[in-house]
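*Asks:* File protein.cif below, mmCIF, C-alpha atoms:
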data_work
#
loop_
_atom_site.group_PDB
_atom_site.id
_atom_site.type_symbol
_atom_site.label_atom_id
_atom_site.label_comp_id
_atom_site.auth_asym_id
_atom_site.auth_seq_id
_atom_site.Cartn_x
_atom_site.Cartn_y
_atom_site.Cartn_z
ATOM 1 C CA MET A 746 -22.595 -26.642 -3.011
ATOM 2 C CA ASN A 747 -19.271 -27.320 -4.715
ATOM 3 C CA SER A 748 -19.437 -24.580 -7.341
ATOM 4 C CA ASP A 749 -16.400 -22.945 -5.709
ATOM 5 C CA ASN A 750 -14.357 -26.107 -6.232
ATOM 6 C CA ASP A 751 -15.300 -26.167 -9.907
ATOM 7 C CA ALA A 752 -13.899 -22.689 -10.318
ATOM 8 C CA LYS A 753 -10.585 -23.734 -8.730
ATOM 9 C CA HIS A 754 -10.254 -26.943 -10.742
ATOM 10 C CA SER A 755 -10.962 -25.254 -14.036
ATOM 11 C CA ALA A 756 -7.669 -23.334 -13.757
ATOM 12 C CA GLY A 757 -5.884 -26.341 -15.377
ATOM 13 C CA PRO A 758 -2.383 -26.348 -16.924
ATOM 14 C CA ASP A 759 -3.404 -24.059 -19.777
ATOM 15 C CA SER A 760 -5.249 -21.640 -17.505
ATOM 16 C CA THR A 761 -5.837 -19.096 -20.258
ATOM 17 C CA PRO A 762 -8.646 -16.642 -19.389
ATOM 18 C CA THR A 763 -11.203 -19.332 -20.196
ATOM 19 C CA ALA A 764 -11.422 -20.013 -16.452
ATOM 20 C CA LYS A 765 -15.025 -20.008 -15.297
ATOM 21 C CA PRO A 766 -15.959 -16.317 -15.140
ATOM 22 C CA ASN A 767 -17.745 -15.407 -11.909
ATOM 23 C CA THR A 768 -20.252 -13.370 -13.908
ATOM 24 C CA LYS A 769 -22.993 -14.554 -16.254
ATOM 25 C CA ILE A 770 -21.728 -12.417 -19.136
ATOM 26 C CA ARG A 771 -17.979 -12.066 -19.483
ATOM 27 C CA ILE A 772 -16.577 -8.828 -18.067
ATOM 28 C CA ILE A 773 -13.242 -7.364 -19.164
ATOM 29 C CA GLU A 774 -11.327 -7.098 -15.897
ATOM 30 C CA ASP A 775 -9.000 -4.202 -15.062
ATOM 31 C CA ALA A 776 -5.857 -6.220 -15.871
ATOM 32 C CA GLU A 777 -7.211 -7.645 -19.149
ATOM 33 C CA ALA A 778 -8.417 -4.354 -20.632
ATOM 34 C CA THR A 779 -6.600 -3.169 -23.725
ATOM 35 C CA GLY A 780 -6.994 -0.436 -26.312
ATOM 36 C CA GLU A 781 -10.135 1.668 -26.080
ATOM 37 C CA THR A 782 -11.500 -0.340 -23.175
ATOM 38 C CA ALA A 783 -8.364 0.280 -21.146
ATOM 39 C CA ALA A 784 -8.550 3.968 -22.077
ATOM 40 C CA ALA A 785 -12.180 4.140 -20.925
ATOM 41 C CA TYR A 786 -11.283 2.456 -17.618
ATOM 42 C CA ASP A 787 -8.514 5.039 -17.177
ATOM 43 C CA PHE A 788 -11.084 7.763 -17.907
ATOM 44 C CA TRP A 789 -13.091 6.459 -14.949
ATOM 45 C CA ARG A 790 -9.975 6.228 -12.728
ATOM 46 C CA ALA A 791 -9.042 9.807 -13.559
ATOM 47 C CA GLY A 792 -12.525 11.025 -12.726
ATOM 48 C CA SER A 793 -12.926 9.072 -9.513
ATOM 49 C CA GLY A 794 -9.375 9.114 -8.228
ATOM 50 C CA ARG A 795 -9.706 5.409 -7.478
ATOM 51 C CA GLN A 796 -7.772 2.480 -8.990
ATOM 52 C CA GLN A 797 -10.160 -0.462 -9.054
ATOM 53 C CA VAL A 798 -12.939 -0.021 -11.579
ATOM 54 C CA PRO A 799 -16.344 -1.018 -10.115
ATOM 55 C CA GLY A 800 -18.091 -4.043 -11.623
ATOM 56 C CA ILE A 801 -21.041 -2.060 -12.933
ATOM 57 C CA ILE A 802 -18.731 0.186 -14.953
ATOM 58 C CA LYS A 803 -16.829 -2.810 -16.374
ATOM 59 C CA CYS A 804 -20.139 -4.180 -17.645
ATOM 60 C CA PHE A 805 -19.854 -1.548 -20.378
ATOM 61 C CA GLY A 806 -16.307 -2.608 -21.317
ATOM 62 C CA ALA A 807 -17.552 -4.063 -24.587
ATOM 63 C CA ARG A 808 -18.496 -0.573 -25.750
ATOM 64 C CA PRO A 809 -15.910 1.854 -24.300
ATOM 65 C CA ASP A 810 -17.504 4.785 -26.124
ATOM 66 C CA PHE A 811 -20.804 4.073 -24.397
ATOM 67 C CA LEU A 812 -18.959 3.453 -21.086
ATOM 68 C CA ARG A 813 -17.730 7.061 -21.098
ATOM 69 C CA ARG A 814 -21.307 8.302 -21.672
ATOM 70 C CA VAL A 815 -22.542 6.126 -18.797
ATOM 71 C CA ILE A 816 -19.963 7.713 -16.481
ATOM 72 C CA GLU A 817 -21.086 11.199 -17.500
ATOM 73 C CA PHE A 818 -24.718 10.052 -17.256
ATOM 74 C CA GLY A 819 -24.137 9.071 -13.646
ATOM 75 C CA ASN A 820 -22.012 12.021 -12.697
ATOM 76 C CA THR A 821 -24.342 14.587 -14.197
ATOM 77 C CA VAL A 822 -27.381 13.857 -12.101
ATOM 78 C CA HIS A 823 -26.617 11.293 -9.475
ATOM 79 C CA PHE A 824 -23.189 12.005 -8.120
ATOM 80 C CA SER A 825 -23.893 15.701 -7.611
ATOM 81 C CA GLU A 826 -26.150 17.971 -5.596
ATOM 82 C CA GLY A 827 -29.211 18.944 -7.588
ATOM 83 C CA HIS A 828 -32.825 19.598 -6.767
ATOM 84 C CA LEU A 829 -32.488 16.701 -4.382
ATOM 85 C CA SER A 830 -29.519 16.297 -2.075
ATOM 86 C CA ARG A 831 -27.026 13.623 -3.004
ATOM 87 C CA ARG A 832 -27.919 11.779 0.212
ATOM 88 C CA TYR A 833 -31.582 11.688 -0.723
ATOM 89 C CA LYS A 834 -30.710 10.423 -4.195
ATOM 90 C CA GLU A 835 -28.627 7.647 -2.638
ATOM 91 C CA LEU A 836 -31.678 6.743 -0.541
ATOM 92 C CA ILE A 837 -33.794 6.464 -3.688
ATOM 93 C CA ALA A 838 -31.038 4.526 -5.484
ATOM 94 C CA SER A 839 -30.740 2.027 -2.642
ATOM 95 C CA TYR A 840 -34.483 1.590 -2.333
ATOM 96 C CA VAL A 841 -34.908 1.120 -6.095
ATOM 97 C CA SER A 842 -32.041 -1.399 -6.148
ATOM 98 C CA TYR A 843 -33.772 -3.293 -3.334
ATOM 99 C CA LEU A 844 -37.068 -3.230 -5.265
ATOM 100 C CA ASN A 845 -35.240 -4.446 -8.377
ATOM 101 C CA ARG A 846 -33.554 -7.163 -6.280
ATOM 102 C CA CYS A 847 -30.126 -6.025 -7.291
ATOM 103 C CA PRO A 848 -27.531 -7.216 -4.730
ATOM 104 C CA TYR A 849 -24.795 -5.194 -6.360
ATOM 105 C CA MET B 644 -41.961 10.088 -2.126
ATOM 106 C CA LEU B 645 -40.696 6.558 -1.755
ATOM 107 C CA ASP B 646 -44.198 5.234 -2.376
ATOM 108 C CA TYR B 647 -44.142 7.170 -5.628
ATOM 109 C CA VAL B 648 -40.648 5.796 -6.393
ATOM 110 C CA LYS B 649 -41.988 2.285 -5.882
ATOM 111 C CA LEU B 650 -44.935 2.994 -8.173
ATOM 112 C CA ILE B 651 -42.628 4.319 -10.907
ATOM 113 C CA THR B 652 -40.356 1.301 -10.446
ATOM 114 C CA ASP B 653 -43.147 -1.276 -10.513
ATOM 115 C CA ALA B 654 -45.710 0.301 -12.845
ATOM 116 C CA ALA B 655 -44.900 3.769 -14.105
ATOM 117 C CA TYR B 656 -47.652 3.374 -16.699
ATOM 118 C CA ARG B 657 -50.156 3.340 -13.827
ATOM 119 C CA SER B 658 -48.896 6.538 -12.200
ATOM 120 C CA THR B 659 -51.373 9.431 -12.339
ATOM 121 C CA ALA B 660 -51.422 13.208 -12.015
ATOM 122 C CA GLU B 661 -53.063 12.688 -8.606
ATOM 123 C CA ASP B 662 -50.015 10.708 -7.481
ATOM 124 C CA VAL B 663 -47.888 13.713 -8.398
ATOM 125 C CA GLN B 664 -50.296 16.123 -6.756
ATOM 126 C CA LYS B 665 -49.912 14.182 -3.493
ATOM 127 C CA LEU B 666 -46.194 14.863 -3.673
ATOM 128 C CA ARG B 667 -46.742 18.577 -4.233
ATOM 129 C CA ASP B 668 -49.141 18.638 -1.305
ATOM 130 C CA ALA B 669 -46.437 16.977 0.787
ATOM 131 C CA GLY B 670 -44.137 19.867 -0.123
ATOM 132 C CA TRP B 671 -42.063 18.440 -2.968
ATOM 133 C CA LYS B 672 -41.168 20.910 -5.719
ATOM 134 C CA GLU B 673 -41.788 20.025 -9.376
ATOM 135 C CA GLU B 674 -38.079 19.781 -10.221
ATOM 136 C CA GLN B 675 -37.473 17.536 -7.209
ATOM 137 C CA ILE B 676 -40.173 15.184 -8.434
ATOM 138 C CA ALA B 677 -38.623 15.234 -11.894
ATOM 139 C CA GLU B 678 -35.156 14.469 -10.530
ATOM 140 C CA ALA B 679 -36.533 11.640 -8.374
ATOM 141 C CA VAL B 680 -37.888 10.071 -11.571
ATOM 142 C CA TYR B 681 -34.499 10.433 -13.273
ATOM 143 C CA ILE B 682 -32.743 8.657 -10.381
ATOM 144 C CA THR B 683 -35.408 5.973 -10.160
ATOM 145 C CA ALA B 684 -35.159 5.217 -13.878
ATOM 146 C CA MET B 685 -31.368 5.525 -13.896
ATOM 147 C CA PHE B 686 -31.028 2.841 -11.237
ATOM 148 C CA ALA B 687 -33.505 0.631 -13.048
ATOM 149 C CA PHE B 688 -31.000 0.838 -15.883
ATOM 150 C CA PHE B 689 -27.975 0.090 -13.672
ATOM 151 C CA ASN B 690 -29.806 -2.656 -11.776
ATOM 152 C CA ARG B 691 -30.850 -4.417 -14.975
ATOM 153 C CA VAL B 692 -27.305 -4.377 -16.331
ATOM 154 C CA ALA B 693 -25.700 -5.445 -13.049
ATOM 155 C CA ASP B 694 -28.176 -8.317 -12.622
ATOM 156 C CA ALA B 695 -27.961 -9.417 -16.265
ATOM 157 C CA PHE B 696 -24.146 -9.557 -16.061
ATOM 158 C CA GLY B 697 -24.312 -11.086 -12.573
ATOM 159 C CA VAL B 698 -21.864 -8.626 -11.077
ATOM 160 C CA PRO B 699 -21.010 -9.952 -7.602
ATOM 161 C CA SER B 700 -22.124 -7.760 -4.715
ATOM 162 C CA GLN B 701 -19.333 -5.682 -3.246
ATOM 163 C CA ASP B 702 -20.506 -6.769 0.202
ATOM 164 C CA TYR B 703 -20.090 -3.295 1.665
ATOM 165 C CA LEU B 704 -21.937 -4.383 4.801
ATOM 166 C CA GLY B 705 -19.644 -7.356 5.280
ATOM 167 C CA THR B 706 -16.420 -5.517 4.654
ATOM 168 C CA GLY B 707 -17.561 -2.304 6.307
ATOM 169 C CA LYS B 708 -15.733 -0.338 3.592
ATOM 170 C CA LEU B 709 -17.474 1.863 1.046
ATOM 171 C CA THR B 710 -14.817 1.621 -1.629
ATOM 172 C CA PRO B 711 -12.622 -1.428 -2.395
#
Could you render the structure as structure tokens?
*Replies:*
Amino acid sequence: MNSDNDAKHSAGPDSTPTAKPNTKIRIIEDAEATGETAAAYDFWRAGSGRQQVPGIIKCFGARPDFLRRVIEFGNTVHFSEGHLSRRYKELIASYVSYLNRCPY
Amino acid sequence: MLDYVKLITDAAYRSTAEDVQKLRDAGWKEEQIAEAVYITAMFAFFNRVADAFGVPSQDYLGTGKLTP
């Protein structure tokens, strides 16, 4: 399995961000984000109090307007007590992610 | 409840009123059942996107930390 070596070698002299992305679809990383995408990432940072934007959130970097809705979507029902406790919702979320074979 | 969550994940179209009645009989309130469906469907959404993009796992178990 030498896929790791490929990644290293591809950072040749002109290592512009064409280096092999480690995702299947290109994700705009924290440092690369500009304009509305950067603003949407900051919106997440402000809400979470954390610096590094999680991968799942960056998946929506191509549509920063939608990214903000996704954050509210999550916060409204999942990251809050509701009819089900947050812990129980995390249990469901983990189980569903296992069923959907989602390592992330 | 988790059996119901699996059913909704795998084949929601096959879920029946009897499936829901079993949850009520087990003590679950209507709005709890509704919210469980929201979370189940919400994570189907997140899972699909994360898998399609190929977002690397954050290896919480390996690093023992919940946030990076």
*Asks:* Give me, please, the distance in Å between atom CA of Glu673 of chain B and atom CA of Ile816 of chain A, quoted to one decimal.
*Replies:*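 Value for the atom CA of Glu673 of chain B-atom CA of Ile816 of chain A distance: 26.0 Å.
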*Asks:* If we count all atoms listed in the file, what is near Tyr786 of chain A at a cut-off of 9 Å, once residues fewer than 5 positions away on the same chain are taken out, given as number ranges by chain?
*Replies:* A: 775, 778, 781, 791, 798, 802-803, 806, 809, 812-813
*Asks:* Now that the selection is made, can you save its residues with C-alpha atoms as an mmCIF file, keeping the file's coordinate frame?
*Replies:*
data_model
loop_
_atom_site.group_PDB
_atom_site.id
_atom_site.type_symbol
_atom_site.label_atom_id
_atom_site.label_comp_id
_atom_site.auth_asym_id
_atom_site.auth_seq_id
_atom_site.Cartn_x
_atom_site.Cartn_y
_atom_site.Cartn_z
ATOM 1 C CA ASP A 775 -9.000 -4.202 -15.062
ATOM 2 C CA ALA A 778 -8.417 -4.354 -20.632
ATOM 3 C CA GLU A 781 -10.135 1.668 -26.080
ATOM 4 C CA ALA A 791 -9.042 9.807 -13.559
ATOM 5 C CA VAL A 798 -12.939 -0.021 -11.579
ATOM 6 C CA ILE A 802 -18.731 0.186 -14.953
ATOM 7 C CA LYS A 803 -16.829 -2.810 -16.374
ATOM 8 C CA GLY A 806 -16.307 -2.608 -21.317
ATOM 9 C CA PRO A 809 -15.910 1.854 -24.300
ATOM 10 C CA LEU A 812 -18.959 3.453 -21.086
ATOM 11 C CA ARG A 813 -17.730 7.061 -21.098
#
*Asks:* For the provided coordinates, the residues matched by the PyMOL selection byres ((chain B) within 9 of (chain A)) should be stated as a compact mmCIF listing (two decimals) with C-alpha atoms, in the coordinates of the input.
*Replies:*
# COMPACT_ATOMS: atom_id res chain seq x y z
CA LEU B 645 -40.70 6.56 -1.76
CA VAL B 648 -40.65 5.80 -6.39
CA LYS B 649 -41.99 2.28 -5.88
CA THR B 652 -40.36 1.30 -10.45
CA ASP B 653 -43.15 -1.28 -10.51
CA LYS B 672 -41.17 20.91 -5.72
CA GLU B 674 -38.08 19.78 -10.22
CA GLN B 675 -37.47 17.54 -7.21
CA ILE B 676 -40.17 15.18 -8.43
CA ALA B 677 -38.62 15.23 -11.89
CA GLU B 678 -35.16 14.47 -10.53
CA ALA B 679 -36.53 11.64 -8.37
CA TYR B 681 -34.50 10.43 -13.27
CA ILE B 682 -32.74 8.66 -10.38
CA THR B 683 -35.41 5.97 -10.16
CA ALA B 684 -35.16 5.22 -13.88
CA MET B 685 -31.37 5.52 -13.90
CA PHE B 686 -31.03 2.84 -11.24
CA ALA B 687 -33.51 0.63 -13.05
CA PHE B 689 -27.98 0.09 -13.67
CA ASN B 690 -29.81 -2.66 -11.78
CA ARG B 691 -30.85 -4.42 -14.98
CA VAL B 692 -27.30 -4.38 -16.33
CA ALA B 693 -25.70 -5.44 -13.05
CA ASP B 694 -28.18 -8.32 -12.62
CA ALA B 695 -27.96 -9.42 -16.26
CA PHE B 696 -24.15 -9.56 -16.06
CA GLY B 697 -24.31 -11.09 -12.57
CA VAL B 698 -21.86 -8.63 -11.08
CA PRO B 699 -21.01 -9.95 -7.60
CA SER B 700 -22.12 -7.76 -4.72
CA GLN B 701 -19.33 -5.68 -3.25
CA ASP B 702 -20.51 -6.77 0.20
CA THR B 710 -14.82 1.62 -1.63
CA PRO B 711 -12.62 -1.43 -2.40
*Asks:* Between atom CA of Tyr647 of chain B and atom CA of Arg814 of chain A, what distance in Å does the model show, to one decimal?
*Replies:*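 Spanning atom CA of Tyr647 of chain B to atom CA of Arg814 of chain A is a straight-line distance of 27.9 Å.
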*Asks:* I'd like the interatomic distance between atom CA of Asp787 of chain A and atom CA of Glu826 of chain A, to a tenth of an Å.
*Replies:*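 Answer for the atom CA of Asp787 of chain A to atom CA of Glu826 of chain A separation: 24.7 Å.
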*Asks:* Could you please fill out segment 681-692 of chain B with N, CA, C and O atoms and send it back as a CSV table (one decimal), in the coordinates of the input?
*Replies:*
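Output file part_15.csv is given in full below:
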chain,number,residue,atom,x,y,z
B,681,TYR,N,-35.8,10.7,-12.6
B,681,TYR,CA,-34.5,10.4,-13.3
B,681,TYR,C,-33.7,9.4,-12.5
B,681,TYR,O,-33.2,8.4,-13.1
B,682,ILE,N,-33.6,9.6,-11.2
B,682,ILE,CA,-32.7,8.7,-10.4
B,682,ILE,C,-33.4,7.3,-10.3
B,682,ILE,O,-32.7,6.2,-10.5
B,683,THR,N,-34.7,7.3,-10.2
B,683,THR,CA,-35.4,6.0,-10.2
B,683,THR,C,-35.2,5.2,-11.5
B,683,THR,O,-34.9,4.0,-11.4
B,684,ALA,N,-35.3,5.9,-12.6
B,684,ALA,CA,-35.2,5.2,-13.9
B,684,ALA,C,-33.7,4.9,-14.1
B,684,ALA,O,-33.4,3.8,-14.7
B,685,MET,N,-32.8,5.8,-13.7
B,685,MET,CA,-31.4,5.5,-13.9
B,685,MET,C,-30.9,4.2,-13.2
B,685,MET,O,-30.2,3.4,-13.8
B,686,PHE,N,-31.4,4.0,-12.0
B,686,PHE,CA,-31.0,2.8,-11.2
B,686,PHE,C,-31.8,1.6,-11.7
B,686,PHE,O,-31.2,0.5,-11.6
B,687,ALA,N,-32.9,1.8,-12.4
B,687,ALA,CA,-33.5,0.6,-13.0
B,687,ALA,C,-32.5,0.2,-14.1
B,687,ALA,O,-32.3,-1.0,-14.3
B,688,PHE,N,-32.0,1.2,-14.8
B,688,PHE,CA,-31.0,0.8,-15.9
B,688,PHE,C,-29.8,0.1,-15.3
B,688,PHE,O,-29.4,-1.0,-15.7
B,689,PHE,N,-29.2,0.7,-14.3
B,689,PHE,CA,-28.0,0.1,-13.7
B,689,PHE,C,-28.3,-1.3,-13.1
B,689,PHE,O,-27.5,-2.2,-13.2
B,690,ASN,N,-29.5,-1.4,-12.4
B,690,ASN,CA,-29.8,-2.7,-11.8
B,690,ASN,C,-29.9,-3.8,-12.8
B,690,ASN,O,-29.5,-4.9,-12.7
B,691,ARG,N,-30.6,-3.4,-13.9
B,691,ARG,CA,-30.8,-4.4,-15.0
B,691,ARG,C,-29.5,-4.9,-15.5
B,691,ARG,O,-29.3,-6.1,-15.6
B,692,VAL,N,-28.6,-4.0,-15.8
B,692,VAL,CA,-27.3,-4.4,-16.3
B,692,VAL,C,-26.5,-5.2,-15.3
B,692,VAL,O,-26.0,-6.3,-15.6
